[in-house]
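For reference, the structure is listed below as structure tokens.
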Amino acid sequence: MPETSYDLVVIGAGPGGYVAAIRAAQLGLRTALVEKDASLGGTCLNVGCIPSKALLHSTELYHELATHGAEHGIKSGKLTVDVAALMKRKTEVVSKLTGGVKQLMKLRGVTVIQGLGKLGAGARTVEVAKTDGTTQILETKNILIATGSVPVELPFLKFDDKLVVSSDHAIAFEEVPAKFVVIGAGAIGLELGSVWARLGSEVTVVELLPRIAPTFDEDISRLAQRVFQKQGMKFELGAKVTGLNKDKTALTAQREGQTLEFPADKILVAVGRKPTTAGLGATEAGLKLDQAGRVIVDKNFRSNLSNVFAIGDVIAGPMLAHKAEEEGVAIAELLAGKAGHVNYNTIPSVVYTEPEIASVGLGETDAKAKGIAVKVGKFNMAANGRALSAAAVDGFVKIIADPKTDRLLGAQIIAHNASEMIASITPHLEYGGSAEDVARTVTAHPTLAEAVKEAALAADGRAIHSA
């Protein structure tokens, strides 16, 4: 017989799952959260977003002082890095946040059960294989799958956690690798490449496509490559990875019929992530998955099983923590009889390098590919007073709008703190505002965000601080 009955059982305690559990509990639903790992927060809090940002911040401080300190009148002896201390700080940040999530569960009255959850009989129960070898049966009206994703492994280049590693391990090296080769020039590859390049690694990024940061506009990608090359990173574009050399001391690749070799002490495979749906009992329960292993859902996150829902990385769409969080809130509100909704056109995307790269809505390159006419306003950070005083002049802001109606369609930024700047644009996109609405928003001076205002003015050819 079932031991416990709930209104909602959430499988997976990442950003989507734990946020859904909190919102459901706020709305009066009796909620349980099942998590296989010892700590809550999923990939994002434990081995993804948060630890990587801690490392990025620490190494940015080091790199800035080591390379530009004297320009600011800050003089010291030769700077050194204590990798163990750097990792200790990262771990402390992670522990504080995961502990905070655990406390939130208690405050909201969410029952947390540690173990591997799967769909039970008739998809009306969740079977939890607990760490002590026992199985707990949870009876529930609704089930939410929020099991996230894992790094993609190349079939000819298996993770060994020594030479060939995933991002999970590249945030925890015990020493700085002399030669660090990164496969993939997306967000994960660029961010972790930046971390270790700042600490002294000779970093080579190998990418199959002809440009880095390929989901952003072409001019963003070009500038990003130039800036990162100045920071010491090397890029090998249009190169197809084939494996390791005979001695297993170098990565091999092919480009235009030639064999390339890249000596490596560590090789990071950062070619994407795949949904975690194995072990859910999907086949036995009759849950339909697509060819990529994602749960097929309708606009209300409902699967083909009427009481089973899914959000986050296990359904179609960008694999972003904030996307999962919004979906978590939406599904909880829908289950409570409210109007939960996610606007996928206003989900920002960020690469947390220095400078950062951020986008929201439609980009210029995608618009051209789709035959959509746009007008573009662009403003260089070199003309921004705050950027100049902060020695952060690399980059620009782009505003993309409809040439007939002036309606805002999107924006892209490469700049220091672009992740924060993009947030000032997203609300205008959300309510269907215009480039002029952005241009007429009063912005404090001096701030980096003034570049957003100027780019919006430039969309109509009336920027104040550029020619």
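In the structure tokens, each chain is lettered A, B, ... as it comes, each chain's residues begin at 1, and ligands are numbered from 1 in order of appearance.
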Based on DSSP run over this structure's backbone, return all residues of stretch 353-440 of chain A in strand (DSSP E), as a PDB file with N, CA and C atoms, in the first residue's frame.
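Writing done, so here's selection-v1.pdb:
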```pdb
ATOM      1  N   GLU A 356      31.268  39.974 -20.992  1.00  0.00           N
ATOM      2  CA  GLU A 356      30.152  39.036 -21.082  1.00  0.00           C
ATOM      3  C   GLU A 356      29.435  39.223 -22.415  1.00  0.00           C
ATOM      4  N   ILE A 357      28.713  38.165 -22.809  1.00  0.00           N
ATOM      5  CA  ILE A 357      27.920  38.211 -24.038  1.00  0.00           C
ATOM      6  C   ILE A 357      26.483  37.881 -23.655  1.00  0.00           C
ATOM      7  N   ALA A 358      25.534  38.702 -24.085  1.00  0.00           N
ATOM      8  CA  ALA A 358      24.145  38.472 -23.709  1.00  0.00           C
ATOM      9  C   ALA A 358      23.222  38.792 -24.874  1.00  0.00           C
ATOM     10  N   SER A 359      22.111  38.070 -24.919  1.00  0.00           N
ATOM     11  CA  SER A 359      21.114  38.337 -25.955  1.00  0.00           C
ATOM     12  C   SER A 359      19.728  38.058 -25.416  1.00  0.00           C
ATOM     13  N   VAL A 360      18.736  38.666 -26.057  1.00  0.00           N
ATOM     14  CA  VAL A 360      17.340  38.365 -25.770  1.00  0.00           C
ATOM     15  C   VAL A 360      16.545  38.647 -27.040  1.00  0.00           C
ATOM     16  N   GLY A 361      15.541  37.823 -27.299  1.00  0.00           N
ATOM     17  CA  GLY A 361      14.718  38.027 -28.479  1.00  0.00           C
ATOM     18  C   GLY A 361      15.434  37.675 -29.774  1.00  0.00           C
ATOM     19  N   LYS A 375      15.712  46.991 -38.405  1.00  0.00           N
ATOM     20  CA  LYS A 375      16.628  48.126 -38.306  1.00  0.00           C
ATOM     21  C   LYS A 375      17.441  47.913 -37.041  1.00  0.00           C
ATOM     22  N   VAL A 376      18.698  48.315 -37.084  1.00  0.00           N
ATOM     23  CA  VAL A 376      19.624  48.028 -35.995  1.00  0.00           C
ATOM     24  C   VAL A 376      20.254  49.306 -35.476  1.00  0.00           C
ATOM     25  N   GLY A 377      20.246  49.458 -34.167  1.00  0.00           N
ATOM     26  CA  GLY A 377      20.956  50.547 -33.523  1.00  0.00           C
ATOM     27  C   GLY A 377      22.139  49.983 -32.755  1.00  0.00           C
ATOM     28  N   LYS A 378      23.295  50.582 -32.914  1.00  0.00           N
ATOM     29  CA  LYS A 378      24.514  50.029 -32.321  1.00  0.00           C
ATOM     30  C   LYS A 378      25.302  51.137 -31.636  1.00  0.00           C
ATOM     31  N   PHE A 379      25.817  50.835 -30.455  1.00  0.00           N
ATOM     32  CA  PHE A 379      26.616  51.823 -29.725  1.00  0.00           C
ATOM     33  C   PHE A 379      27.820  51.134 -29.096  1.00  0.00           C
ATOM     34  N   ASN A 380      28.999  51.676 -29.352  1.00  0.00           N
ATOM     35  CA  ASN A 380      30.242  51.092 -28.858  1.00  0.00           C
ATOM     36  C   ASN A 380      30.523  51.511 -27.417  1.00  0.00           C
ATOM     37  N   PHE A 396      29.967  46.328 -27.468  1.00  0.00           N
ATOM     38  CA  PHE A 396      28.939  47.223 -27.977  1.00  0.00           C
ATOM     39  C   PHE A 396      27.560  46.670 -27.622  1.00  0.00           C
ATOM     40  N   VAL A 397      26.560  47.517 -27.784  1.00  0.00           N
ATOM     41  CA  VAL A 397      25.160  47.144 -27.588  1.00  0.00           C
ATOM     42  C   VAL A 397      24.449  47.257 -28.927  1.00  0.00           C
ATOM     43  N   LYS A 398      23.608  46.272 -29.226  1.00  0.00           N
ATOM     44  CA  LYS A 398      22.800  46.304 -30.449  1.00  0.00           C
ATOM     45  C   LYS A 398      21.326  46.209 -30.083  1.00  0.00           C
ATOM     46  N   ILE A 399      20.532  47.074 -30.660  1.00  0.00           N
ATOM     47  CA  ILE A 399      19.077  47.008 -30.529  1.00  0.00           C
ATOM     48  C   ILE A 399      18.505  46.642 -31.890  1.00  0.00           C
ATOM     49  N   ILE A 400      17.637  45.645 -31.923  1.00  0.00           N
ATOM     50  CA  ILE A 400      17.025  45.193 -33.173  1.00  0.00           C
ATOM     51  C   ILE A 400      15.538  45.495 -33.109  1.00  0.00           C
ATOM     52  N   ALA A 401      15.026  46.217 -34.107  1.00  0.00           N
ATOM     53  CA  ALA A 401      13.626  46.636 -34.091  1.00  0.00           C
ATOM     54  C   ALA A 401      12.996  46.501 -35.474  1.00  0.00           C
ATOM     55  N   LEU A 408      10.283  46.714 -30.638  1.00  0.00           N
ATOM     56  CA  LEU A 408      11.524  46.057 -30.240  1.00  0.00           C
ATOM     57  C   LEU A 408      11.433  44.562 -30.528  1.00  0.00           C
ATOM     58  N   LEU A 409      12.428  44.009 -31.214  1.00  0.00           N
ATOM     59  CA  LEU A 409      12.451  42.592 -31.549  1.00  0.00           C
ATOM     60  C   LEU A 409      13.490  41.820 -30.755  1.00  0.00           C
ATOM     61  N   GLY A 410      14.562  42.498 -30.357  1.00  0.00           N
ATOM     62  CA  GLY A 410      15.616  41.813 -29.613  1.00  0.00           C
ATOM     63  C   GLY A 410      16.793  42.731 -29.347  1.00  0.00           C
ATOM     64  N   ALA A 411      17.794  42.183 -28.693  1.00  0.00           N
ATOM     65  CA  ALA A 411      19.007  42.939 -28.390  1.00  0.00           C
ATOM     66  C   ALA A 411      20.156  41.973 -28.166  1.00  0.00           C
ATOM     67  N   GLN A 412      21.355  42.433 -28.465  1.00  0.00           N
ATOM     68  CA  GLN A 412      22.558  41.650 -28.191  1.00  0.00           C
ATOM     69  C   GLN A 412      23.621  42.599 -27.647  1.00  0.00           C
ATOM     70  N   ILE A 413      24.356  42.102 -26.664  1.00  0.00           N
ATOM     71  CA  ILE A 413      25.371  42.930 -25.997  1.00  0.00           C
ATOM     72  C   ILE A 413      26.637  42.108 -25.788  1.00  0.00           C
ATOM     73  N   ILE A 414      27.767  42.700 -26.075  1.00  0.00           N
ATOM     74  CA  ILE A 414      29.046  42.169 -25.618  1.00  0.00           C
ATOM     75  C   ILE A 414      29.706  43.311 -24.861  1.00  0.00           C
ATOM     76  N   ALA A 415      29.843  43.139 -23.555  1.00  0.00           N
ATOM     77  CA  ALA A 415      30.341  44.221 -22.704  1.00  0.00           C
ATOM     78  C   ALA A 415      30.558  43.702 -21.296  1.00  0.00           C
TER      79      ALA A 415
END
```
* **Exercise: stretch 271-286 of chain A partners within 10 Å, only C-alpha atoms, chain neighbours under 6 positions left out, as a VMD selection string** => chain A and resid 11 to 12 116 to 124 126 to 127 145 to 154 166 182 to 189 207 to 208 292 to 295 304 to 305 312 to 316 319
Using N, CA and C atoms, can you write the selected residues to a file as a short mmCIF file (atom, residue, chain, number, x, y, z; two decimals), in the first residue's frame?
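The result, stored in selection28.cif:
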```
data_model
loop_
_atom_site.label_atom_id
_atom_site.label_comp_id
_atom_site.auth_asym_id
_atom_site.auth_seq_id
_atom_site.Cartn_x
_atom_site.Cartn_y
_atom_site.Cartn_z
N ILE A 11 10.12 15.17 -9.35
CA ILE A 11 11.33 14.34 -9.45
C ILE A 11 12.46 15.21 -10.00
N GLY A 12 13.43 15.55 -9.16
CA GLY A 12 14.54 16.39 -9.56
C GLY A 12 14.52 17.73 -8.86
N LEU A 116 16.40 7.81 -5.85
CA LEU A 116 16.17 7.85 -7.30
C LEU A 116 14.70 7.60 -7.58
N GLY A 117 14.03 8.61 -8.12
CA GLY A 117 12.59 8.49 -8.36
C GLY A 117 12.27 8.02 -9.77
N LYS A 118 11.22 7.22 -9.90
CA LYS A 118 10.75 6.75 -11.21
C LYS A 118 9.23 6.65 -11.18
N LEU A 119 8.64 6.67 -12.36
CA LEU A 119 7.19 6.55 -12.48
C LEU A 119 6.75 5.17 -12.04
N GLY A 120 5.73 5.13 -11.18
CA GLY A 120 5.22 3.87 -10.69
C GLY A 120 4.01 3.39 -11.45
N ALA A 121 3.29 2.46 -10.87
CA ALA A 121 2.15 1.83 -11.52
C ALA A 121 1.11 2.85 -11.94
N GLY A 122 0.76 2.79 -13.25
CA GLY A 122 -0.26 3.68 -13.76
C GLY A 122 0.11 5.15 -13.73
N ALA A 123 1.38 5.43 -13.49
CA ALA A 123 1.86 6.81 -13.37
C ALA A 123 1.06 7.58 -12.33
N ARG A 124 0.56 6.85 -11.32
CA ARG A 124 -0.14 7.48 -10.20
C ARG A 124 0.68 7.41 -8.92
N VAL A 126 5.00 7.40 -7.44
CA VAL A 126 6.43 7.54 -7.71
C VAL A 126 7.15 6.57 -6.79
N GLU A 127 8.00 5.73 -7.39
CA GLU A 127 8.79 4.79 -6.61
C GLU A 127 10.17 5.39 -6.37
N ILE A 145 8.26 15.90 -13.84
CA ILE A 145 9.62 15.45 -14.14
C ILE A 145 10.50 16.68 -14.39
N ALA A 146 11.53 16.82 -13.57
CA ALA A 146 12.45 17.97 -13.68
C ALA A 146 13.87 17.47 -13.43
N THR A 147 14.25 16.43 -14.17
CA THR A 147 15.50 15.72 -13.90
C THR A 147 16.72 16.30 -14.61
N GLY A 148 16.54 17.38 -15.36
CA GLY A 148 17.69 18.10 -15.89
C GLY A 148 18.43 17.40 -17.01
N SER A 149 19.74 17.65 -17.07
CA SER A 149 20.55 17.14 -18.16
C SER A 149 21.96 16.82 -17.69
N VAL A 150 22.70 16.13 -18.56
CA VAL A 150 24.09 15.78 -18.27
C VAL A 150 24.94 16.12 -19.49
N PRO A 151 26.26 16.28 -19.32
CA PRO A 151 27.11 16.60 -20.46
C PRO A 151 27.08 15.50 -21.52
N VAL A 152 27.12 15.91 -22.78
CA VAL A 152 27.20 14.97 -23.90
C VAL A 152 28.61 14.39 -23.96
N GLU A 153 28.69 13.09 -24.10
CA GLU A 153 29.99 12.40 -24.22
C GLU A 153 30.19 11.98 -25.67
N LEU A 154 31.35 12.26 -26.23
CA LEU A 154 31.65 11.83 -27.59
C LEU A 154 31.94 10.33 -27.59
N SER A 166 34.47 16.24 -18.36
CA SER A 166 33.29 17.06 -18.61
C SER A 166 33.41 18.34 -17.79
N VAL A 182 39.96 22.63 -25.20
CA VAL A 182 38.51 22.67 -25.04
C VAL A 182 37.85 22.33 -26.37
N ILE A 183 36.94 21.37 -26.35
CA ILE A 183 36.17 21.03 -27.55
C ILE A 183 34.82 21.71 -27.44
N GLY A 184 34.59 22.70 -28.28
CA GLY A 184 33.33 23.42 -28.26
C GLY A 184 33.50 24.85 -27.83
N ALA A 185 33.05 25.79 -28.68
CA ALA A 185 33.20 27.23 -28.40
C ALA A 185 31.88 27.87 -28.04
N GLY A 186 31.05 27.12 -27.29
CA GLY A 186 29.82 27.68 -26.75
C GLY A 186 30.07 28.26 -25.37
N ALA A 187 29.00 28.47 -24.62
CA ALA A 187 29.11 29.13 -23.33
C ALA A 187 30.03 28.38 -22.37
N ILE A 188 29.83 27.08 -22.22
CA ILE A 188 30.61 26.31 -21.24
C ILE A 188 32.08 26.29 -21.62
N GLY A 189 32.37 26.05 -22.88
CA GLY A 189 33.76 26.00 -23.32
C GLY A 189 34.47 27.33 -23.16
N GLU A 207 36.70 24.07 -32.43
CA GLU A 207 35.28 24.21 -32.75
C GLU A 207 35.00 23.75 -34.18
N LEU A 208 33.95 22.94 -34.35
CA LEU A 208 33.57 22.44 -35.66
C LEU A 208 33.05 23.54 -36.57
N ALA A 292 15.49 12.88 -29.23
CA ALA A 292 16.58 13.38 -28.39
C ALA A 292 16.45 12.91 -26.94
N GLY A 293 15.40 12.11 -26.67
CA GLY A 293 15.20 11.63 -25.30
C GLY A 293 14.47 12.59 -24.40
N ARG A 294 13.87 13.65 -24.98
CA ARG A 294 13.13 14.63 -24.20
C ARG A 294 11.67 14.22 -24.07
N VAL A 295 11.06 14.61 -22.97
CA VAL A 295 9.64 14.33 -22.77
C VAL A 295 8.83 15.25 -23.70
N ASN A 304 1.91 12.88 -22.61
CA ASN A 304 0.80 12.06 -23.08
C ASN A 304 0.09 11.34 -21.94
N LEU A 305 0.71 11.31 -20.77
CA LEU A 305 0.07 10.78 -19.57
C LEU A 305 -0.57 11.96 -18.84
N GLY A 312 11.99 22.20 -17.94
CA GLY A 312 13.45 22.34 -17.90
C GLY A 312 14.17 21.65 -19.03
N ASP A 313 15.33 21.10 -18.72
CA ASP A 313 16.18 20.51 -19.73
C ASP A 313 15.63 19.23 -20.32
N VAL A 314 14.61 18.63 -19.70
CA VAL A 314 14.05 17.38 -20.23
C VAL A 314 12.95 17.62 -21.26
N ILE A 315 12.66 18.89 -21.57
CA ILE A 315 11.73 19.19 -22.66
C ILE A 315 12.44 20.10 -23.66
N ALA A 316 11.80 20.32 -24.80
CA ALA A 316 12.41 21.13 -25.86
C ALA A 316 12.63 22.56 -25.38
N MET A 319 18.49 25.04 -22.82
CA MET A 319 18.82 24.43 -21.53
C MET A 319 19.40 25.49 -20.61
#
```
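Checking A:Val195, A:Val308, A:Ala459, A:Val94 one by one against A:Lys288, counting only C-alpha atoms, you find the shortest gap at A:Val308.
Between atom CA of A:Val81 and atom CA of A:Thr353 the separation is 19.5 Å.
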* To do: Please provide as an MDAnalysis selection string all residues within 9 Å of A:Glu454, with the sequence filter that same-chain residues fewer than 2 positions apart are discarded (counting only C-alpha atoms).
  => chainID A and resid 377:379 397 439 449:452 456:459 462:466
* Identify, with DSSP run on backbone atoms, the residues in stretch 26-147 of chain A assigned to alpha helix (DSSP H), and express the list as a ChimeraX atom specification. => /A:26,42-47,49-68,83-108
Residue subset to file, keeping N, CA and C atoms, as a compact mmCIF listing (two decimals), in the first residue's frame:
```txt
# COMPACT_ATOMS: atom_id res chain seq x y z
N GLN A 26 3.39 27.11 -1.85
CA GLN A 26 2.81 28.43 -1.59
C GLN A 26 1.32 28.47 -1.95
N GLY A 42 20.54 20.65 -7.98
CA GLY A 42 20.85 20.11 -9.29
C GLY A 42 22.20 20.53 -9.83
N THR A 43 22.36 20.37 -11.14
CA THR A 43 23.62 20.71 -11.81
C THR A 43 23.97 22.17 -11.60
N CYS A 44 22.99 23.05 -11.73
CA CYS A 44 23.26 24.50 -11.67
C CYS A 44 23.96 24.91 -10.39
N LEU A 45 23.40 24.54 -9.26
CA LEU A 45 23.97 24.96 -7.99
C LEU A 45 25.22 24.17 -7.62
N ASN A 46 25.27 22.91 -7.98
CA ASN A 46 26.35 22.03 -7.49
C ASN A 46 27.58 21.98 -8.39
N VAL A 47 27.38 21.84 -9.70
CA VAL A 47 28.54 21.68 -10.59
C VAL A 47 28.43 22.51 -11.86
N CYS A 49 26.22 26.38 -13.00
CA CYS A 49 26.15 27.85 -13.00
C CYS A 49 26.92 28.49 -11.85
N ILE A 50 26.63 28.06 -10.64
CA ILE A 50 27.18 28.75 -9.47
C ILE A 50 28.68 28.52 -9.27
N PRO A 51 29.16 27.28 -9.25
CA PRO A 51 30.61 27.11 -9.07
C PRO A 51 31.43 27.72 -10.20
N SER A 52 30.92 27.65 -11.42
CA SER A 52 31.68 28.25 -12.53
C SER A 52 31.74 29.76 -12.40
N LYS A 53 30.66 30.38 -11.92
CA LYS A 53 30.68 31.84 -11.76
C LYS A 53 31.60 32.25 -10.60
N ALA A 54 31.66 31.42 -9.56
CA ALA A 54 32.59 31.70 -8.47
C ALA A 54 34.03 31.69 -8.99
N LEU A 55 34.34 30.69 -9.81
CA LEU A 55 35.69 30.59 -10.39
C LEU A 55 35.96 31.74 -11.35
N LEU A 56 34.96 32.09 -12.15
CA LEU A 56 35.14 33.20 -13.08
C LEU A 56 35.43 34.50 -12.34
N HIS A 57 34.72 34.73 -11.24
CA HIS A 57 34.94 35.97 -10.49
C HIS A 57 36.34 35.98 -9.85
N SER A 58 36.70 34.88 -9.22
CA SER A 58 38.02 34.82 -8.56
C SER A 58 39.15 35.01 -9.56
N THR A 59 39.06 34.33 -10.68
CA THR A 59 40.14 34.41 -11.67
C THR A 59 40.15 35.75 -12.39
N GLU A 60 38.98 36.39 -12.51
CA GLU A 60 38.94 37.72 -13.11
C GLU A 60 39.66 38.73 -12.21
N LEU A 61 39.45 38.62 -10.90
CA LEU A 61 40.17 39.49 -9.96
C LEU A 61 41.68 39.31 -10.11
N TYR A 62 42.10 38.06 -10.15
CA TYR A 62 43.53 37.76 -10.26
C TYR A 62 44.09 38.32 -11.57
N HIS A 63 43.40 38.03 -12.66
CA HIS A 63 43.90 38.44 -13.97
C HIS A 63 43.96 39.96 -14.10
N GLU A 64 42.95 40.63 -13.58
CA GLU A 64 42.91 42.09 -13.68
C GLU A 64 44.07 42.72 -12.90
N LEU A 65 44.32 42.23 -11.69
CA LEU A 65 45.42 42.77 -10.90
C LEU A 65 46.77 42.44 -11.51
N ALA A 66 46.89 41.21 -11.99
CA ALA A 66 48.18 40.76 -12.53
C ALA A 66 48.54 41.48 -13.82
N THR A 67 47.54 41.80 -14.64
CA THR A 67 47.84 42.38 -15.95
C THR A 67 47.63 43.89 -16.03
N HIS A 68 46.73 44.44 -15.18
CA HIS A 68 46.43 45.86 -15.30
C HIS A 68 46.52 46.63 -13.97
N VAL A 83 45.43 27.34 -5.82
CA VAL A 83 44.28 26.67 -6.42
C VAL A 83 43.39 26.03 -5.36
N ALA A 84 44.00 25.46 -4.33
CA ALA A 84 43.22 24.82 -3.26
C ALA A 84 42.33 25.83 -2.56
N ALA A 85 42.85 27.02 -2.29
CA ALA A 85 42.06 28.07 -1.63
C ALA A 85 40.96 28.57 -2.55
N LEU A 86 41.28 28.69 -3.83
CA LEU A 86 40.30 29.12 -4.80
C LEU A 86 39.13 28.13 -4.87
N MET A 87 39.46 26.84 -4.87
CA MET A 87 38.43 25.80 -4.90
C MET A 87 37.64 25.76 -3.59
N LYS A 88 38.32 26.05 -2.49
CA LYS A 88 37.63 26.07 -1.19
C LYS A 88 36.57 27.16 -1.17
N ARG A 89 36.90 28.33 -1.67
CA ARG A 89 35.91 29.41 -1.73
C ARG A 89 34.74 29.02 -2.59
N LYS A 90 35.01 28.41 -3.76
CA LYS A 90 33.94 27.95 -4.65
C LYS A 90 33.00 27.01 -3.91
N THR A 91 33.58 26.06 -3.18
CA THR A 91 32.79 25.07 -2.45
C THR A 91 31.94 25.73 -1.36
N GLU A 92 32.50 26.73 -0.71
CA GLU A 92 31.75 27.44 0.33
C GLU A 92 30.54 28.17 -0.25
N VAL A 93 30.72 28.77 -1.42
CA VAL A 93 29.61 29.46 -2.09
C VAL A 93 28.51 28.46 -2.43
N VAL A 94 28.91 27.32 -2.98
CA VAL A 94 27.94 26.28 -3.35
C VAL A 94 27.21 25.76 -2.12
N SER A 95 27.96 25.48 -1.07
CA SER A 95 27.36 24.94 0.16
C SER A 95 26.34 25.90 0.76
N LYS A 96 26.66 27.19 0.73
CA LYS A 96 25.74 28.19 1.29
C LYS A 96 24.42 28.20 0.52
N LEU A 97 24.51 28.12 -0.79
CA LEU A 97 23.29 28.18 -1.60
C LEU A 97 22.48 26.90 -1.53
N THR A 98 23.15 25.75 -1.58
CA THR A 98 22.40 24.49 -1.49
C THR A 98 21.77 24.34 -0.11
N GLY A 99 22.47 24.82 0.92
CA GLY A 99 21.90 24.82 2.26
C GLY A 99 20.70 25.74 2.35
N GLY A 100 20.76 26.84 1.62
CA GLY A 100 19.64 27.77 1.60
C GLY A 100 18.40 27.16 0.97
N VAL A 101 18.61 26.39 -0.10
CA VAL A 101 17.48 25.71 -0.75
C VAL A 101 16.85 24.69 0.21
N LYS A 102 17.70 23.97 0.92
CA LYS A 102 17.20 22.99 1.89
C LYS A 102 16.34 23.67 2.96
N GLN A 103 16.79 24.83 3.41
CA GLN A 103 16.04 25.57 4.42
C GLN A 103 14.70 26.06 3.87
N LEU A 104 14.70 26.47 2.60
CA LEU A 104 13.46 26.93 1.98
C LEU A 104 12.43 25.81 1.92
N MET A 105 12.90 24.59 1.68
CA MET A 105 11.98 23.45 1.66
C MET A 105 11.27 23.29 3.01
N LYS A 106 12.05 23.45 4.08
CA LYS A 106 11.48 23.33 5.43
C LYS A 106 10.47 24.45 5.69
N LEU A 107 10.85 25.68 5.32
CA LEU A 107 9.97 26.82 5.56
C LEU A 107 8.66 26.71 4.81
N ARG A 108 8.70 26.12 3.60
CA ARG A 108 7.49 26.01 2.78
C ARG A 108 6.71 24.72 3.03
```
* Asked: Using only C-alpha atoms, which residues sit within 12 Å of A:Lys299 once same-chain residues fewer than 3 positions away are excluded, as a list in words?
  -> Ile296, Arg302, Ser303, Phe309, Ala310, Ile311, Ile315, Ala316, Glu327, Ala330, Ile331, Leu334, Gly340, His341, Val342, Asn343 and Tyr344 of chain A
* So how far away is atom CA of A:Arg211 from atom CA of A:Ala253, in Å? -> 16.4 Å
* **Interatomic distance (Å, one decimal) between atom CA of A:Leu199 and atom CA of A:Ser76** =>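 Rounded to one decimal, the two atoms are 17.6 Å apart.
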* To do: Excluding A:Lys234 and any residue of its chain fewer than 3 positions from it, enumerate the residues within 9 Å of it, using only C-alpha atoms, and give them as number ranges by chain.
  => A: 202-206, 225, 228-229
Please produce a file of those selected residues containing N, CA and C atoms, as a PDB file, in the first residue's frame.
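Done, and the output landed in result_9.pdb:
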```
ATOM      1  N   GLU A 202      47.763  27.165 -21.171  1.00  0.00           N
ATOM      2  CA  GLU A 202      47.767  27.435 -22.610  1.00  0.00           C
ATOM      3  C   GLU A 202      46.490  26.800 -23.155  1.00  0.00           C
ATOM      4  N   VAL A 203      45.494  27.629 -23.435  1.00  0.00           N
ATOM      5  CA  VAL A 203      44.159  27.142 -23.786  1.00  0.00           C
ATOM      6  C   VAL A 203      43.944  27.196 -25.292  1.00  0.00           C
ATOM      7  N   THR A 204      43.531  26.062 -25.845  1.00  0.00           N
ATOM      8  CA  THR A 204      43.170  25.969 -27.257  1.00  0.00           C
ATOM      9  C   THR A 204      41.734  25.477 -27.356  1.00  0.00           C
ATOM     10  N   VAL A 205      40.906  26.250 -28.032  1.00  0.00           N
ATOM     11  CA  VAL A 205      39.496  25.885 -28.206  1.00  0.00           C
ATOM     12  C   VAL A 205      39.300  25.374 -29.628  1.00  0.00           C
ATOM     13  N   VAL A 206      38.829  24.141 -29.739  1.00  0.00           N
ATOM     14  CA  VAL A 206      38.614  23.506 -31.039  1.00  0.00           C
ATOM     15  C   VAL A 206      37.108  23.481 -31.316  1.00  0.00           C
ATOM     16  N   GLN A 225      35.972  36.776 -30.352  1.00  0.00           N
ATOM     17  CA  GLN A 225      37.182  36.021 -30.672  1.00  0.00           C
ATOM     18  C   GLN A 225      38.423  36.896 -30.569  1.00  0.00           C
ATOM     19  N   PHE A 228      39.148  37.541 -26.803  1.00  0.00           N
ATOM     20  CA  PHE A 228      39.629  36.356 -26.096  1.00  0.00           C
ATOM     21  C   PHE A 228      41.024  35.943 -26.566  1.00  0.00           C
ATOM     22  N   GLN A 229      41.324  36.210 -27.827  1.00  0.00           N
ATOM     23  CA  GLN A 229      42.682  35.931 -28.315  1.00  0.00           C
ATOM     24  C   GLN A 229      43.691  36.852 -27.633  1.00  0.00           C
TER      25      GLN A 229
END
```
* Residues within 8 Å of A:Glu333, only C-alpha atoms, excluding chain neighbours under 4 positions, as a count of residues only -> 8
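Of the listed residues A:Val112, A:Ala391, A:Leu209, A:Leu190, the one whose atoms come nearest to A:Tyr352 is A:Leu190, with distances taken using only C-alpha atoms.
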* Which residue gives the smallest distance to A:Ala13 among A:Gly193, A:Gly109, A:Pro210, A:Gly328, with only C-alpha atoms counted? -> A:Gly328
* Selection near stretch 131-135 of chain A, 6 Å with only C-alpha atoms, sequence-local residues under 2 positions removed, as number ranges by chain -> A: 115, 128-129
Take the selection from the previous step and output its residues with C-alpha atoms, as a PDB file, in the first residue's frame.
```pdb
ATOM      1  CA  GLY A 115      16.610   8.691  -3.627  1.00  0.00           C
ATOM      2  CA  VAL A 128      11.836   6.076  -4.775  1.00  0.00           C
ATOM      3  CA  ALA A 129      14.895   3.826  -4.546  1.00  0.00           C
TER       4      ALA A 129
END
```
